[in-house]
$ cat coords08.cif   # mmCIF, C-alpha atoms (C1' of nucleotides)
data_coords
#
loop_
_atom_site.label_atom_id
_atom_site.label_comp_id
_atom_site.auth_asym_id
_atom_site.auth_seq_id
_atom_site.Cartn_x
_atom_site.Cartn_y
_atom_site.Cartn_z
CA MET A 1 0.00 0.00 0.00
CA ILE A 2 1.28 3.43 -0.97
CA ILE A 3 0.20 6.36 1.20
CA ALA A 4 0.98 9.96 0.28
CA THR A 5 0.36 13.31 1.94
CA TRP A 6 0.26 16.75 0.35
CA ASN A 7 -0.55 20.22 1.61
CA VAL A 8 -1.99 21.57 -1.65
CA ASN A 9 -2.68 25.19 -0.54
CA SER A 10 -6.22 25.24 -2.02
CA VAL A 11 -7.64 22.12 -3.64
CA ARG A 12 -9.55 24.14 -6.25
CA ALA A 13 -6.41 25.97 -7.35
CA ARG A 14 -4.47 22.67 -7.45
CA VAL A 15 -6.84 20.10 -8.92
CA GLU A 16 -4.87 19.85 -12.19
CA HIS A 17 -1.67 19.31 -10.21
CA ILE A 18 -3.31 16.62 -8.10
CA LEU A 19 -4.55 14.80 -11.20
CA LYS A 20 -1.13 15.05 -12.84
CA TYR A 21 0.58 13.78 -9.69
CA LEU A 22 -1.78 10.80 -9.35
CA GLU A 23 -1.27 9.96 -13.02
CA ARG A 24 2.52 9.92 -12.64
CA GLN A 25 2.75 8.52 -9.12
CA PRO A 26 -0.32 6.36 -8.50
CA VAL A 27 -1.00 5.88 -4.81
CA ASP A 28 -3.55 3.91 -2.84
CA VAL A 29 -4.23 6.73 -0.39
CA LEU A 30 -3.66 10.46 -0.79
CA CYS A 31 -4.19 12.69 2.22
CA LEU A 32 -4.66 16.38 1.44
CA GLN A 33 -4.36 19.42 3.68
CA GLU A 34 -5.29 23.11 3.33
CA LEU A 35 -8.26 22.51 1.05
CA LYS A 36 -9.46 26.10 1.68
CA THR A 37 -12.84 24.95 0.40
CA GLN A 38 -16.18 23.98 1.86
CA ASP A 39 -17.37 20.43 1.11
CA ALA A 40 -19.92 21.57 -1.50
CA ASP A 41 -17.19 23.21 -3.60
CA PHE A 42 -14.67 20.35 -3.39
CA PRO A 43 -13.74 19.18 -6.94
CA ARG A 44 -15.10 15.70 -6.35
CA GLU A 45 -15.93 14.77 -9.94
CA PRO A 46 -12.48 14.97 -11.59
CA LEU A 47 -10.87 13.08 -8.71
CA GLU A 48 -13.54 10.37 -8.72
CA ALA A 49 -13.14 10.12 -12.50
CA ALA A 50 -9.42 9.49 -11.87
CA GLY A 51 -10.42 6.47 -9.78
CA TYR A 52 -10.37 7.86 -6.26
CA ALA A 53 -13.10 7.87 -3.62
CA VAL A 54 -13.15 10.98 -1.50
CA SER A 55 -13.74 11.72 2.18
CA ILE A 56 -13.73 15.42 3.03
CA ALA A 57 -13.61 17.63 6.11
CA GLY A 58 -13.83 21.01 4.41
CA GLN A 59 -14.20 24.57 5.61
CA LYS A 60 -14.74 27.88 3.85
CA THR A 61 -11.52 29.85 3.13
CA TYR A 62 -9.18 28.15 5.62
CA ASN A 63 -7.91 24.73 6.69
CA GLY A 64 -9.73 21.62 5.46
CA VAL A 65 -8.40 18.08 5.05
CA ALA A 66 -9.31 15.10 2.88
CA VAL A 67 -8.56 11.42 2.35
CA LEU A 68 -8.61 10.11 -1.23
CA ALA A 69 -8.37 6.38 -1.80
CA ARG A 70 -8.87 3.77 -4.50
CA GLU A 71 -11.34 2.04 -2.20
CA ALA A 72 -13.87 4.13 -0.30
CA PRO A 73 -12.43 5.42 3.00
CA ALA A 74 -14.45 3.76 5.79
CA ASP A 75 -15.60 5.09 9.16
CA PRO A 76 -14.53 8.71 8.68
CA VAL A 77 -14.09 10.75 11.85
CA VAL A 78 -13.67 14.53 11.70
CA GLY A 79 -11.75 16.47 14.35
CA PHE A 80 -11.45 15.40 17.98
CA PRO A 81 -14.34 12.96 18.56
CA HIS A 82 -13.94 13.11 22.34
CA LEU A 83 -14.61 16.88 22.35
CA PRO A 84 -17.94 18.56 21.58
CA PRO A 85 -18.37 19.88 18.01
CA ASP A 86 -18.50 23.47 19.28
CA HIS A 87 -15.23 23.13 21.23
CA PRO A 88 -12.65 25.70 20.04
CA LEU A 89 -10.24 22.91 19.08
CA ASN A 90 -12.91 21.52 16.75
CA ALA A 91 -13.62 24.91 15.14
CA HIS A 92 -10.93 24.34 12.51
CA LYS A 93 -11.20 21.38 10.14
CA ARG A 94 -7.70 20.00 10.69
CA LEU A 95 -8.17 16.26 11.30
CA LEU A 96 -9.81 13.51 9.29
CA ALA A 97 -9.41 9.85 10.18
CA ALA A 98 -10.56 7.00 7.93
CA SER A 99 -9.86 3.31 7.37
CA VAL A 100 -8.43 1.93 4.12
CA GLY A 101 -7.20 -1.60 3.52
CA GLY A 102 -6.87 -2.45 7.20
CA VAL A 103 -4.95 0.74 7.97
CA ARG A 104 -6.34 3.62 10.01
CA VAL A 105 -5.14 6.83 8.35
CA ILE A 106 -5.27 10.32 9.85
CA SER A 107 -4.87 13.34 7.57
CA ALA A 108 -3.66 16.16 9.80
CA TYR A 109 -3.11 19.85 9.25
CA LEU A 110 -1.60 21.02 12.54
CA PRO A 111 -1.72 24.75 13.34
CA ASN A 112 1.00 27.07 12.06
CA GLY A 113 1.33 29.09 15.24
CA GLU A 114 2.18 32.40 13.54
CA ALA A 115 4.94 33.43 15.98
CA VAL A 116 6.18 32.39 19.40
CA GLY A 117 4.12 34.02 22.14
CA THR A 118 1.03 34.82 20.08
CA ASP A 119 -2.51 33.54 20.67
CA LYS A 120 -2.13 31.29 17.63
CA TYR A 121 1.03 29.82 19.13
CA SER A 122 -0.88 28.99 22.33
CA PHE A 123 -3.64 27.46 20.20
CA LYS A 124 -1.03 25.35 18.41
CA LEU A 125 0.38 23.95 21.65
CA ALA A 126 -3.14 23.26 22.96
CA PHE A 127 -3.96 21.46 19.71
CA PHE A 128 -0.85 19.28 20.02
CA ALA A 129 -1.69 18.43 23.63
CA GLU A 130 -5.22 17.40 22.68
CA LEU A 131 -3.94 15.41 19.71
CA ARG A 132 -1.75 13.40 22.06
CA THR A 133 -4.83 12.41 24.05
CA TYR A 134 -6.65 11.42 20.84
CA LEU A 135 -3.69 9.45 19.48
CA GLU A 136 -3.27 7.46 22.69
CA VAL A 137 -6.79 6.13 22.16
CA GLU A 138 -6.33 5.56 18.42
CA VAL A 139 -2.98 3.73 18.81
CA ALA A 140 -4.62 1.36 21.27
CA ARG A 141 -7.52 0.79 18.87
CA HIS A 142 -5.55 0.50 15.65
CA PRO A 143 -2.23 -1.37 15.64
CA LYS A 144 -1.83 -0.22 12.03
CA LEU A 145 -2.17 3.53 12.32
CA CYS A 146 -0.67 6.06 9.92
CA LEU A 147 -0.56 9.73 10.93
CA VAL A 148 0.34 11.97 8.01
CA GLY A 149 0.19 15.59 7.07
CA ASP A 150 1.54 19.06 7.61
CA PHE A 151 2.68 19.00 11.24
CA ASN A 152 4.15 22.52 11.05
CA VAL A 153 7.16 21.58 13.19
CA ALA A 154 10.71 20.89 12.03
CA ALA A 155 11.79 18.13 14.40
CA GLU A 156 15.56 18.61 14.15
CA ASP A 157 17.98 21.28 13.00
CA LYS A 158 18.83 19.16 9.97
CA ASP A 159 15.20 19.62 8.87
CA ILE A 160 15.91 23.35 8.40
CA TYR A 161 18.08 24.94 5.69
CA ASP A 162 19.39 27.65 8.04
CA PRO A 163 18.85 26.43 11.61
CA GLU A 164 20.72 29.36 13.14
CA ALA A 165 18.42 31.88 11.46
CA TRP A 166 15.34 29.91 12.53
CA ALA A 167 16.54 29.05 16.04
CA GLY A 168 13.87 29.55 18.67
CA GLY A 169 11.32 30.74 16.13
CA VAL A 170 7.94 29.30 15.28
CA LEU A 171 8.10 25.82 13.65
CA CYS A 172 11.23 24.89 15.59
CA SER A 173 10.91 26.37 19.10
CA GLU A 174 11.59 24.03 22.01
CA PRO A 175 7.94 23.89 23.21
CA GLU A 176 6.85 22.89 19.71
CA ARG A 177 9.57 20.26 19.42
CA THR A 178 8.71 18.91 22.86
CA ALA A 179 5.03 18.73 21.85
CA LEU A 180 5.94 16.97 18.59
CA GLU A 181 8.14 14.45 20.41
CA ALA A 182 5.29 13.80 22.86
CA LEU A 183 3.09 12.85 19.90
CA ARG A 184 5.77 10.58 18.46
CA ALA A 185 6.32 8.95 21.84
CA VAL A 186 2.70 7.81 21.86
CA GLY A 187 4.03 5.15 19.51
CA PHE A 188 5.10 6.28 16.04
CA VAL A 189 8.05 5.89 13.69
CA ASP A 190 9.01 8.75 11.34
CA CYS A 191 8.95 6.76 8.10
CA PHE A 192 11.04 9.32 6.22
CA ARG A 193 13.80 9.24 8.83
CA LYS A 194 13.75 5.44 8.75
CA HIS A 195 15.12 5.66 5.21
CA HIS A 196 16.99 8.99 5.21
CA ALA A 197 19.44 9.97 7.93
CA GLU A 198 20.80 12.96 6.05
CA GLY A 199 19.68 16.58 6.27
CA GLY A 200 18.92 18.95 3.41
CA LEU A 201 15.72 17.11 2.45
CA TYR A 202 12.66 19.31 2.78
CA SER A 203 8.92 19.34 2.08
CA TRP A 204 8.15 23.09 2.13
CA TRP A 205 9.82 26.11 0.53
CA ASP A 206 8.66 29.73 0.77
CA TYR A 207 7.17 31.11 -2.44
CA ARG A 208 9.28 34.22 -2.00
CA GLY A 209 12.84 34.81 -3.05
CA GLY A 210 13.15 31.68 -5.20
CA ALA A 211 13.54 29.62 -2.03
CA PHE A 212 12.85 26.30 -3.76
CA TRP A 213 15.59 26.78 -6.35
CA LYS A 214 18.07 27.50 -3.55
CA ASN A 215 16.69 24.58 -1.54
CA HIS A 216 15.89 26.95 1.31
CA GLY A 217 13.27 24.68 2.85
CA LEU A 218 11.94 22.95 5.91
CA ARG A 219 10.83 19.37 6.49
CA ILE A 220 7.46 19.83 8.17
CA ASP A 221 5.28 17.34 6.29
CA HIS A 222 5.45 13.89 7.75
CA VAL A 223 4.45 10.26 7.39
CA TRP A 224 4.39 8.54 10.76
CA ALA A 225 3.35 4.94 11.34
CA THR A 226 2.93 2.67 14.32
CA PRO A 227 5.81 0.14 14.67
CA GLU A 228 3.84 -2.77 13.20
CA LEU A 229 3.07 -0.75 10.09
CA ALA A 230 6.42 1.06 9.92
CA ALA A 231 8.23 -2.30 9.92
CA THR A 232 6.73 -2.91 6.47
CA CYS A 233 7.73 0.51 5.10
CA THR A 234 10.21 -0.07 2.28
CA ALA A 235 10.55 3.51 1.01
CA CYS A 236 9.57 7.07 1.86
CA GLU A 237 10.31 9.99 -0.45
CA VAL A 238 9.53 13.64 -1.02
CA ASP A 239 8.45 14.13 -4.66
CA LEU A 240 10.05 17.38 -5.79
CA SER A 241 8.47 17.39 -9.26
CA PRO A 242 5.13 19.09 -8.47
CA ARG A 243 6.97 21.95 -6.75
CA LYS A 244 8.60 22.69 -10.14
CA TRP A 245 5.32 22.91 -12.06
CA LYS A 246 3.67 26.26 -12.83
CA LYS A 247 1.59 27.73 -9.97
CA PRO A 248 2.67 25.07 -7.45
CA SER A 249 1.71 24.50 -3.86
CA ASP A 250 4.49 25.66 -1.57
CA HIS A 251 4.57 22.10 -0.18
CA ALA A 252 5.71 18.93 -1.97
CA PRO A 253 3.96 15.57 -1.55
CA VAL A 254 5.56 12.89 0.62
CA ARG A 255 4.86 9.24 -0.22
CA ALA A 256 5.57 6.04 1.66
CA VAL A 257 5.45 2.45 0.42
CA PHE A 258 4.16 -0.20 2.82
CA GLY A 259 4.49 -3.86 1.91
CA GLY A 260 3.90 -7.23 3.48
"C1'" DA R 1 14.49 43.95 5.54
"C1'" DT R 2 7.57 42.54 8.82
"C1'" DG R 3 9.25 42.37 2.87
"C1'" DG R 4 9.21 38.81 -0.41
"C1'" DC R 5 4.54 35.32 -2.90
"C1'" DG R 6 0.17 33.01 -3.25
"C1'" DT R 7 -4.81 32.00 -2.11
"C1'" DA R 8 -9.63 33.30 -0.64
"C1'" DC R 9 -13.13 36.66 -0.15
"C1'" DA R 10 -14.52 40.64 -0.91
"C1'" DC R 11 -13.73 44.71 -2.96
"C1'" DC R 12 -10.12 47.53 -5.40
"C1'" DG R 13 -7.68 45.89 0.47
"C1'" DT R 14 -7.32 42.30 4.40
"C1'" DA R 15 -6.39 37.75 6.61
"C1'" DC R 16 -3.45 34.02 6.65
"C1'" DG R 17 0.26 31.04 5.76
"C1'" DA R 18 5.41 28.96 7.43
#
$ encode --input "coords08.cif" --output "structure tokens"
Amino acid sequence: MIIATWNVNSVRARVEHILKYLERQPVDVLCLQELKTQDADFPREPLEAAGYAVSIAGQKTYNGVAVLAREAPADPVVGFPHLPPDHPLNAHKRLLAASVGGVRVISAYLPNGEAVGTDKYSFKLAFFAELRTYLEVEVARHPKLCLVGDFNVAAEDKDIYDPEAWAGGVLCSEPERTALEALRAVGFVDCFRKHHAEGGLYSWWDYRGGAFWKNHGLRIDHVWATPELAATCTACEVDLSPRKWKKPSDHAPVRAVFGG
DNA sequence: ATGGCGTACACCGTACGA
């Protein structure tokens, strides 16, 4: 089973890119983040015509996540199911869980945090803390669990092109890294790191200043799997091609191959 | 260098991203 994740920065603006990507790199499951679209406006038809069933947790203008799969995603769960729908942490559509081929997949768009010390930064840390609670339950329920998406944290300095310039800032501050490690410690393996020890490999590059062409990036999009599933992971790669196409997302897709 | 670039929504600018 091949599982990919991609922050597309608007699904309506990127539908041609998504179709082109799926044509060139067929996957079994594609998790999308930053749909920026309510469910009614999601471009369902072209994606279904390409052979993918769609489960959506959309929202007008901001956020929004989806799970696309060759077989219909089963038992979809939006947001934090243990919190009421009107809870502030459920106000953003940032989590969608679904089951495909015996694997529980969670498409996650974790908050950006804006800047250290802001209200959005506090919201980010609260979201991570709540996600830990949710994942503890899900890991116990699903031995084959795959958490993917835009986590908005660079785990190590080698995930940053200029760690000195970014030191202490949002996306790599110690509280964020501690919160990220607390999620991982629930019981996940970073599938990309399983296959790549080196730095300089990123998943996001700023639109400004030709950052991509200078490889001024961050690795903030992740594929994590529980040990039972991660043991079968034979490859995990960032696909740089879509970032080179015209009008790209600022993120590249990350794909992982699970066998056995 | 609080800009630089892109998207959405609404309006001819503002919010937001990472």
$ closest_residue --input "coords08.cif" --among "A:Ala115, A:Ala140, A:Ala211, A:Val67" --to "R:DT2" --atoms "all atoms listed in the file"
A:Ala115
$ resolve_selection --input "coords08.cif" --expression "the PyMOL selection byres ((chain A) within 10 of (chain R))" --output "PDB file with C-alpha atoms, in the coordinates of the input"
ATOM      1  CA  ASN A   9      -2.680  25.190  -0.540  1.00  0.00           C
ATOM      2  CA  SER A  10      -6.220  25.240  -2.020  1.00  0.00           C
ATOM      3  CA  ALA A  13      -6.410  25.970  -7.350  1.00  0.00           C
ATOM      4  CA  GLU A  34      -5.290  23.110   3.330  1.00  0.00           C
ATOM      5  CA  LYS A  36      -9.460  26.100   1.680  1.00  0.00           C
ATOM      6  CA  THR A  37     -12.840  24.950   0.400  1.00  0.00           C
ATOM      7  CA  LYS A  60     -14.740  27.880   3.850  1.00  0.00           C
ATOM      8  CA  THR A  61     -11.520  29.850   3.130  1.00  0.00           C
ATOM      9  CA  TYR A  62      -9.180  28.150   5.620  1.00  0.00           C
ATOM     10  CA  ASN A 112       1.000  27.070  12.060  1.00  0.00           C
ATOM     11  CA  GLY A 113       1.330  29.090  15.240  1.00  0.00           C
ATOM     12  CA  GLU A 114       2.180  32.400  13.540  1.00  0.00           C
ATOM     13  CA  ALA A 115       4.940  33.430  15.980  1.00  0.00           C
ATOM     14  CA  ASN A 152       4.150  22.520  11.050  1.00  0.00           C
ATOM     15  CA  VAL A 153       7.160  21.580  13.190  1.00  0.00           C
ATOM     16  CA  VAL A 170       7.940  29.300  15.280  1.00  0.00           C
ATOM     17  CA  LEU A 171       8.100  25.820  13.650  1.00  0.00           C
ATOM     18  CA  TRP A 204       8.150  23.090   2.130  1.00  0.00           C
ATOM     19  CA  TRP A 205       9.820  26.110   0.530  1.00  0.00           C
ATOM     20  CA  ASP A 206       8.660  29.730   0.770  1.00  0.00           C
ATOM     21  CA  TYR A 207       7.170  31.110  -2.440  1.00  0.00           C
ATOM     22  CA  ARG A 208       9.280  34.220  -2.000  1.00  0.00           C
ATOM     23  CA  GLY A 209      12.840  34.810  -3.050  1.00  0.00           C
ATOM     24  CA  GLY A 210      13.150  31.680  -5.200  1.00  0.00           C
ATOM     25  CA  LEU A 218      11.940  22.950   5.910  1.00  0.00           C
ATOM     26  CA  ILE A 220       7.460  19.830   8.170  1.00  0.00           C
ATOM     27  CA  LYS A 247       1.590  27.730  -9.970  1.00  0.00           C
ATOM     28  CA  PRO A 248       2.670  25.070  -7.450  1.00  0.00           C
ATOM     29  CA  SER A 249       1.710  24.500  -3.860  1.00  0.00           C
ATOM     30  CA  ASP A 250       4.490  25.660  -1.570  1.00  0.00           C
TER      31      ASP A 250
END
$ axis_aligned_box --input "coords08.cif" --around "stretch 118-127 of chain A" --padding-each-side "8 Å" --output "JSON"
{"center_x": -1.5, "center_y": 28.1, "center_z": 20.3, "size_x": 21.0, "size_y": 29.4, "size_z": 21.3}
$ resolve_selection --input "coords08.cif" --expression "the PyMOL selection byres ((chain A and resi 156) around 12)" --output "PyMOL selection string"
chain A and resi 153-155+157-164+166-168+171-174+176-178+180-181+193+197-202+218-220
$ build_atoms --input "coords08.cif" --residues "stretch 211-231 of chain A" --atoms "N, CA and C atoms" --output "PDB file, in the frame of the given file"
ATOM      1  N   ALA A 211      13.029  30.499  -3.090  1.00  0.00           N
ATOM      2  CA  ALA A 211      13.540  29.620  -2.030  1.00  0.00           C
ATOM      3  C   ALA A 211      13.712  28.174  -2.504  1.00  0.00           C
ATOM      4  N   PHE A 212      12.769  27.698  -3.321  1.00  0.00           N
ATOM      5  CA  PHE A 212      12.850  26.300  -3.760  1.00  0.00           C
ATOM      6  C   PHE A 212      14.119  26.041  -4.562  1.00  0.00           C
ATOM      7  N   TRP A 213      14.455  26.982  -5.449  1.00  0.00           N
ATOM      8  CA  TRP A 213      15.590  26.780  -6.350  1.00  0.00           C
ATOM      9  C   TRP A 213      16.917  26.873  -5.607  1.00  0.00           C
ATOM     10  N   LYS A 214      16.880  27.455  -4.423  1.00  0.00           N
ATOM     11  CA  LYS A 214      18.070  27.500  -3.550  1.00  0.00           C
ATOM     12  C   LYS A 214      18.021  26.391  -2.492  1.00  0.00           C
ATOM     13  N   ASN A 215      16.964  25.610  -2.554  1.00  0.00           N
ATOM     14  CA  ASN A 215      16.690  24.580  -1.540  1.00  0.00           C
ATOM     15  C   ASN A 215      16.681  25.168  -0.127  1.00  0.00           C
ATOM     16  N   HIS A 216      16.093  26.344  -0.004  1.00  0.00           N
ATOM     17  CA  HIS A 216      15.890  26.950   1.310  1.00  0.00           C
ATOM     18  C   HIS A 216      14.544  26.476   1.835  1.00  0.00           C
ATOM     19  N   GLY A 217      14.538  25.287   2.451  1.00  0.00           N
ATOM     20  CA  GLY A 217      13.270  24.680   2.850  1.00  0.00           C
ATOM     21  C   GLY A 217      13.256  24.187   4.274  1.00  0.00           C
ATOM     22  N   LEU A 218      12.122  23.600   4.610  1.00  0.00           N
ATOM     23  CA  LEU A 218      11.940  22.950   5.910  1.00  0.00           C
ATOM     24  C   LEU A 218      11.275  21.596   5.671  1.00  0.00           C
ATOM     25  N   ARG A 219      11.565  20.644   6.526  1.00  0.00           N
ATOM     26  CA  ARG A 219      10.830  19.370   6.490  1.00  0.00           C
ATOM     27  C   ARG A 219       9.784  19.411   7.604  1.00  0.00           C
ATOM     28  N   ILE A 220       8.556  19.709   7.199  1.00  0.00           N
ATOM     29  CA  ILE A 220       7.460  19.830   8.170  1.00  0.00           C
ATOM     30  C   ILE A 220       6.274  18.948   7.833  1.00  0.00           C
ATOM     31  N   ASP A 221       6.338  18.271   6.674  1.00  0.00           N
ATOM     32  CA  ASP A 221       5.280  17.340   6.290  1.00  0.00           C
ATOM     33  C   ASP A 221       5.779  15.920   6.549  1.00  0.00           C
ATOM     34  N   HIS A 222       4.958  15.148   7.202  1.00  0.00           N
ATOM     35  CA  HIS A 222       5.450  13.890   7.750  1.00  0.00           C
ATOM     36  C   HIS A 222       4.547  12.701   7.450  1.00  0.00           C
ATOM     37  N   VAL A 223       5.161  11.531   7.398  1.00  0.00           N
ATOM     38  CA  VAL A 223       4.450  10.260   7.390  1.00  0.00           C
ATOM     39  C   VAL A 223       4.940   9.480   8.600  1.00  0.00           C
ATOM     40  N   TRP A 224       4.072   9.308   9.555  1.00  0.00           N
ATOM     41  CA  TRP A 224       4.390   8.540  10.760  1.00  0.00           C
ATOM     42  C   TRP A 224       3.526   7.281  10.780  1.00  0.00           C
ATOM     43  N   ALA A 225       4.100   6.191  11.254  1.00  0.00           N
ATOM     44  CA  ALA A 225       3.350   4.940  11.340  1.00  0.00           C
ATOM     45  C   ALA A 225       3.668   4.243  12.652  1.00  0.00           C
ATOM     46  N   THR A 226       2.684   3.486  13.133  1.00  0.00           N
ATOM     47  CA  THR A 226       2.930   2.670  14.320  1.00  0.00           C
ATOM     48  C   THR A 226       3.962   1.595  13.973  1.00  0.00           C
ATOM     49  N   PRO A 227       4.698   1.059  14.959  1.00  0.00           N
ATOM     50  CA  PRO A 227       5.810   0.140  14.670  1.00  0.00           C
ATOM     51  C   PRO A 227       5.435  -1.038  13.778  1.00  0.00           C
ATOM     52  N   GLU A 228       4.248  -1.612  14.008  1.00  0.00           N
ATOM     53  CA  GLU A 228       3.840  -2.770  13.200  1.00  0.00           C
ATOM     54  C   GLU A 228       3.733  -2.399  11.728  1.00  0.00           C
ATOM     55  N   LEU A 229       3.206  -1.217  11.468  1.00  0.00           N
ATOM     56  CA  LEU A 229       3.070  -0.750  10.090  1.00  0.00           C
ATOM     57  C   LEU A 229       4.408  -0.254   9.539  1.00  0.00           C
ATOM     58  N   ALA A 230       5.138   0.483  10.353  1.00  0.00           N
ATOM     59  CA  ALA A 230       6.420   1.060   9.920  1.00  0.00           C
ATOM     60  C   ALA A 230       7.427  -0.031   9.569  1.00  0.00           C
ATOM     61  N   ALA A 231       7.302  -1.187  10.216  1.00  0.00           N
ATOM     62  CA  ALA A 231       8.230  -2.300   9.920  1.00  0.00           C
ATOM     63  C   ALA A 231       8.105  -2.753   8.476  1.00  0.00           C
TER      64      ALA A 231
END
